[in-house]
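A.B. asks: Mind having a look at this structure? Questions to follow.
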Amino acid sequence: MSAALEPVTGRYVRFEFEGRALRVYFEEAGQGIPLLCLHTAGSDTRQFRGLLNDARVTDRYRVIAFDLPWHGKSSPPEGWQYEEYRLTSATYTGLVLAFMRAIGLQKPVVMGCSIGGRICLNLALAHAHEFRAIIGLQSAANTPRYYDPAWLTHPEVNGQVASAATVMGLMCPESPEAERWETLWHYMQGGPGVFRGDLFFYQVDGDFRGRVKDIDTRVAPYYFLTGEYDYSCSPEDTQETAANIRGAKLRIMKKLGHFPMSENPRAFVGELLPLLEEIAAAG
Amino acid sequence: MDWKGFAERVNADRLVARHGAGSSFDVLLKWGTEEHLLRVREGRLEDLRHGPFVMPRCDFALTGSADAWARFARPQPAPRDQDIFAFFRRGEIALAGDTRKFYAHQLCLKLVLANLRAAGAAL
């Protein structure tokens, strides 16, 4: 029997946030420049499994990804059973910064996808000095609402299966089947109401139109990477946002969709490496 | 659209069998002036009928132009033509009827519709 031990390590960190005790799970691999990764709505850190296992990245970067509270292996805060989970811009921004402080992370490159890509815009607006560079995957200032997520928590609908079905078409049909279905598996394992709660930020609260023009890329360079098959954060959505940010760089990725790092990790790393080299060279 | 062999493809599809287990619904697909009524029972395409119909009985309907459906059904759809939600966003295909049932059976429905692509490309 052959076996392969991955270089990825997982740990928990506990910290206070907004007056509540959190127990947050994170994974990391590699050494060098810290690269903090933010997963999509309703999913978790496993989306970055390819990146964490790719020596082309980890030879030079310390890749770190954490599960938002309520997601993956992070716990919901005590008392969760009495409340409805709803992510807001303020909470999400604060969580990223609090996690960085909790594990002593200084001036990382931050890279987020979808809701993670959206919050990257707010991090660039309000906290750019905390980051070496910012990479928004499937990142745009706003996404118009085109479906009702309330059905994802209806008692007569299996929310986890419906969540997976809702996102399955966001990927490039030619991405590897195993990676696409792994991506869906993560959605099928989400907690009840969590995807919907994240979509409150994505569809309602996290609207940064009109503000992104104030992003100063001289403080932290901003890179947009968007998969061409994504109709939720479409290339047009990203282009519209990037056009309002002086100095922002944009690349549309062929043959990739809404979950580039998870639906086709190898192809995605190929797109990412030139950026990582540029960021490292800038010092 | 040539529907020949569609039902056989759906009922031989391992993904439909695996993830459609327990799914029963009637969906009306309106393609421009054409109408197609799919009756799914326990994850099997039990009946496929082609209109025009008079007051067809269904749980929900998906209505779009012939062009929109043709682009959706291409063996290798263009970027952002690969899923009915993309057409929802652009207003090219509309959902009407029992939305709860649509969400409850969405996974099975999408796997069934993937078989419109003769080459069998996944949604």
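How things are named: the first chain in the structure tokens is A, the next is B, and so on; residues count from 1 in each chain; ligands count from 1 in the order shown.
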Pull the closest atom pair for each residue of chain B that gets at most 7 Å from chain A, along with the distance in Å to one decimal, counting only C-alpha atoms, ordering rows by chain and then ascending residue number, as JSON lines.

C.D. replies:
```
{"residue": "B:Pro79", "atom": "CA", "partner": "A:Tyr229", "partner_atom": "CA", "distance": 4.5}
{"residue": "B:Arg80", "atom": "CA", "partner": "A:Tyr229", "partner_atom": "CA", "distance": 5.0}
{"residue": "B:Gln82", "atom": "CA", "partner": "A:Gly169", "partner_atom": "CA", "distance": 6.3}
{"residue": "B:Asp83", "atom": "CA", "partner": "A:Gly169", "partner_atom": "CA", "distance": 5.0}
{"residue": "B:Ala86", "atom": "CA", "partner": "A:Tyr231", "partner_atom": "CA", "distance": 5.6}
{"residue": "B:Phe88", "atom": "CA", "partner": "A:Tyr146", "partner_atom": "CA", "distance": 6.6}
{"residue": "B:Arg89", "atom": "CA", "partner": "A:Tyr146", "partner_atom": "CA", "distance": 5.1}
{"residue": "B:Arg100", "atom": "CA", "partner": "A:Trp151", "partner_atom": "CA", "distance": 6.6}
{"residue": "B:Tyr103", "atom": "CA", "partner": "A:Ala162", "partner_atom": "CA", "distance": 6.0}
{"residue": "B:Ala104", "atom": "CA", "partner": "A:Val157", "partner_atom": "CA", "distance": 4.7}
{"residue": "B:Gln106", "atom": "CA", "partner": "A:Ala165", "partner_atom": "CA", "distance": 6.0}
{"residue": "B:Leu107", "atom": "CA", "partner": "A:Ala165", "partner_atom": "CA", "distance": 4.8}
{"residue": "B:Ala121", "atom": "CA", "partner": "A:Pro173", "partner_atom": "CA", "distance": 6.5}
{"residue": "B:Ala122", "atom": "CA", "partner": "A:Pro173", "partner_atom": "CA", "distance": 5.6}
{"residue": "B:Leu123", "atom": "CA", "partner": "A:Gly169", "partner_atom": "CA", "distance": 5.4}
```

A.B. asks: How would you write, as a ChimeraX atom specification, the set of residues in chain B that DSSP gives as strand (DSSP E or B)?

C.D. replies: /B:25-31,34-41,44-50,60-64,93-97

A.B. asks: Looking only at helix (DSSP H, G or I) from DSSP on the backbone, list the matching residues of region 65-97 of chain B as JSON, numbers by chain.

C.D. replies: {"B": [66, 67, 68, 69, 70, 71, 72, 84, 85, 86, 87, 88, 89, 90]}

A.B. asks: Taking 5 positions as the minimum chain separation for residues in the same chain, which residues sit within 10 Å of Gly5 (chain B) when counting only C-alpha atoms? Answer as a list in words.

C.D. replies: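 So, after excluding close chain neighbours, the residues are Val10, Asn115, Leu116 and Ala118 of chain B.
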
A.B. asks: Can you write out the residues you just picked, keeping C-alpha atoms, as a PDB file, in the first residue's frame?

C.D. replies:
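Output (again.pdb):
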```pdb
ATOM      1  CA  VAL B  10     -31.396  10.312 -19.165  1.00  0.00           C
ATOM      2  CA  ASN B 115     -28.543  15.237 -21.431  1.00  0.00           C
ATOM      3  CA  LEU B 116     -29.829  17.756 -23.950  1.00  0.00           C
ATOM      4  CA  ALA B 118     -25.658  14.982 -26.980  1.00  0.00           C
TER       5      ALA B 118
END
```

A.B. asks: Which residues come within 9 Å of Thr9 (chain A), counting only C-alpha atoms, excluding same-chain residues fewer than 2 positions away, as a ChimeraX atom specification?

C.D. replies: /A:6-7,11,26-29

A.B. asks: Can you measure CA of Gly19 (chain A) to CA of Pro76 (chain A) for me? One decimal in Å is fine.

C.D. replies: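 Interatomic distance here is 13.8 Å.
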
A.B. asks: Could you give me, as a list in words, the residues within 6 Å of Arg41 (chain B), counting only C-alpha atoms and dropping anything in the same chain fewer than 2 positions from it?

C.D. replies: Ser24, Gly43 and Arg44 of chain B

A.B. asks: Those residues with C-alpha atoms, as a short mmCIF file (atom, residue, chain, number, x, y, z; two decimals), in the first residue's frame please?

C.D. replies:
```cif
data_model
loop_
_atom_site.label_atom_id
_atom_site.label_comp_id
_atom_site.auth_asym_id
_atom_site.auth_seq_id
_atom_site.Cartn_x
_atom_site.Cartn_y
_atom_site.Cartn_z
CA SER B 24 -40.58 13.31 -8.95
CA GLY B 43 -35.34 10.00 -10.89
CA ARG B 44 -36.45 8.38 -14.14
#
```

A.B. asks: Restricting the calculation to only C-alpha atoms, which member of B:Phe53, B:Phe72, B:Trp31, B:Phe25 is positioned closest to Gly97 (chain B)?

C.D. replies: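 Once distances to Gly97 (chain B) are computed over only C-alpha atoms, the minimum belongs to B:Phe25.
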
A.B. asks: Any idea what's packed within 12 Å of Thr33 (chain B), counting only C-alpha atoms, ignoring anything in its chain fewer than 5 positions away? Could you give it as a list in words?

C.D. replies: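 Answer for this query is His50, Gly51, Pro52, Phe53, Thr63, Gly64, Ser65, Ala66, Asp67 and Trp69 of chain B.
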
A.B. asks: How about saving the chosen residues, C-alpha atoms kept, as a PDB file, in the first residue's frame?

C.D. replies:
```pdb
ATOM      1  CA  HIS B  50     -44.201  17.354 -27.232  1.00  0.00           C
ATOM      2  CA  GLY B  51     -46.874  20.062 -27.626  1.00  0.00           C
ATOM      3  CA  PRO B  52     -48.653  22.159 -28.436  1.00  0.00           C
ATOM      4  CA  PHE B  53     -50.659  21.503 -25.286  1.00  0.00           C
ATOM      5  CA  THR B  63     -39.744  29.528 -20.670  1.00  0.00           C
ATOM      6  CA  GLY B  64     -37.201  30.926 -23.106  1.00  0.00           C
ATOM      7  CA  SER B  65     -36.648  31.717 -26.733  1.00  0.00           C
ATOM      8  CA  ALA B  66     -35.679  28.995 -29.174  1.00  0.00           C
ATOM      9  CA  ASP B  67     -32.317  30.700 -29.529  1.00  0.00           C
ATOM     10  CA  TRP B  69     -32.432  27.005 -25.456  1.00  0.00           C
TER      11      TRP B  69
END
```

A.B. asks: In Å, with one decimal, what is the gap from CA of Lys30 (chain B) to CA of Phe87 (chain B)?

C.D. replies: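 Separation of CA of Lys30 (chain B) and CA of Phe87 (chain B): 13.7 Å.
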
A.B. asks: Counting only C-alpha atoms, which of B:Leu28, B:Ala68, B:Ala17, B:Ile84 gets nearest to Asp47 (chain B)?

C.D. replies: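 Closest to Asp47 (chain B), using only C-alpha atoms: B:Leu28.
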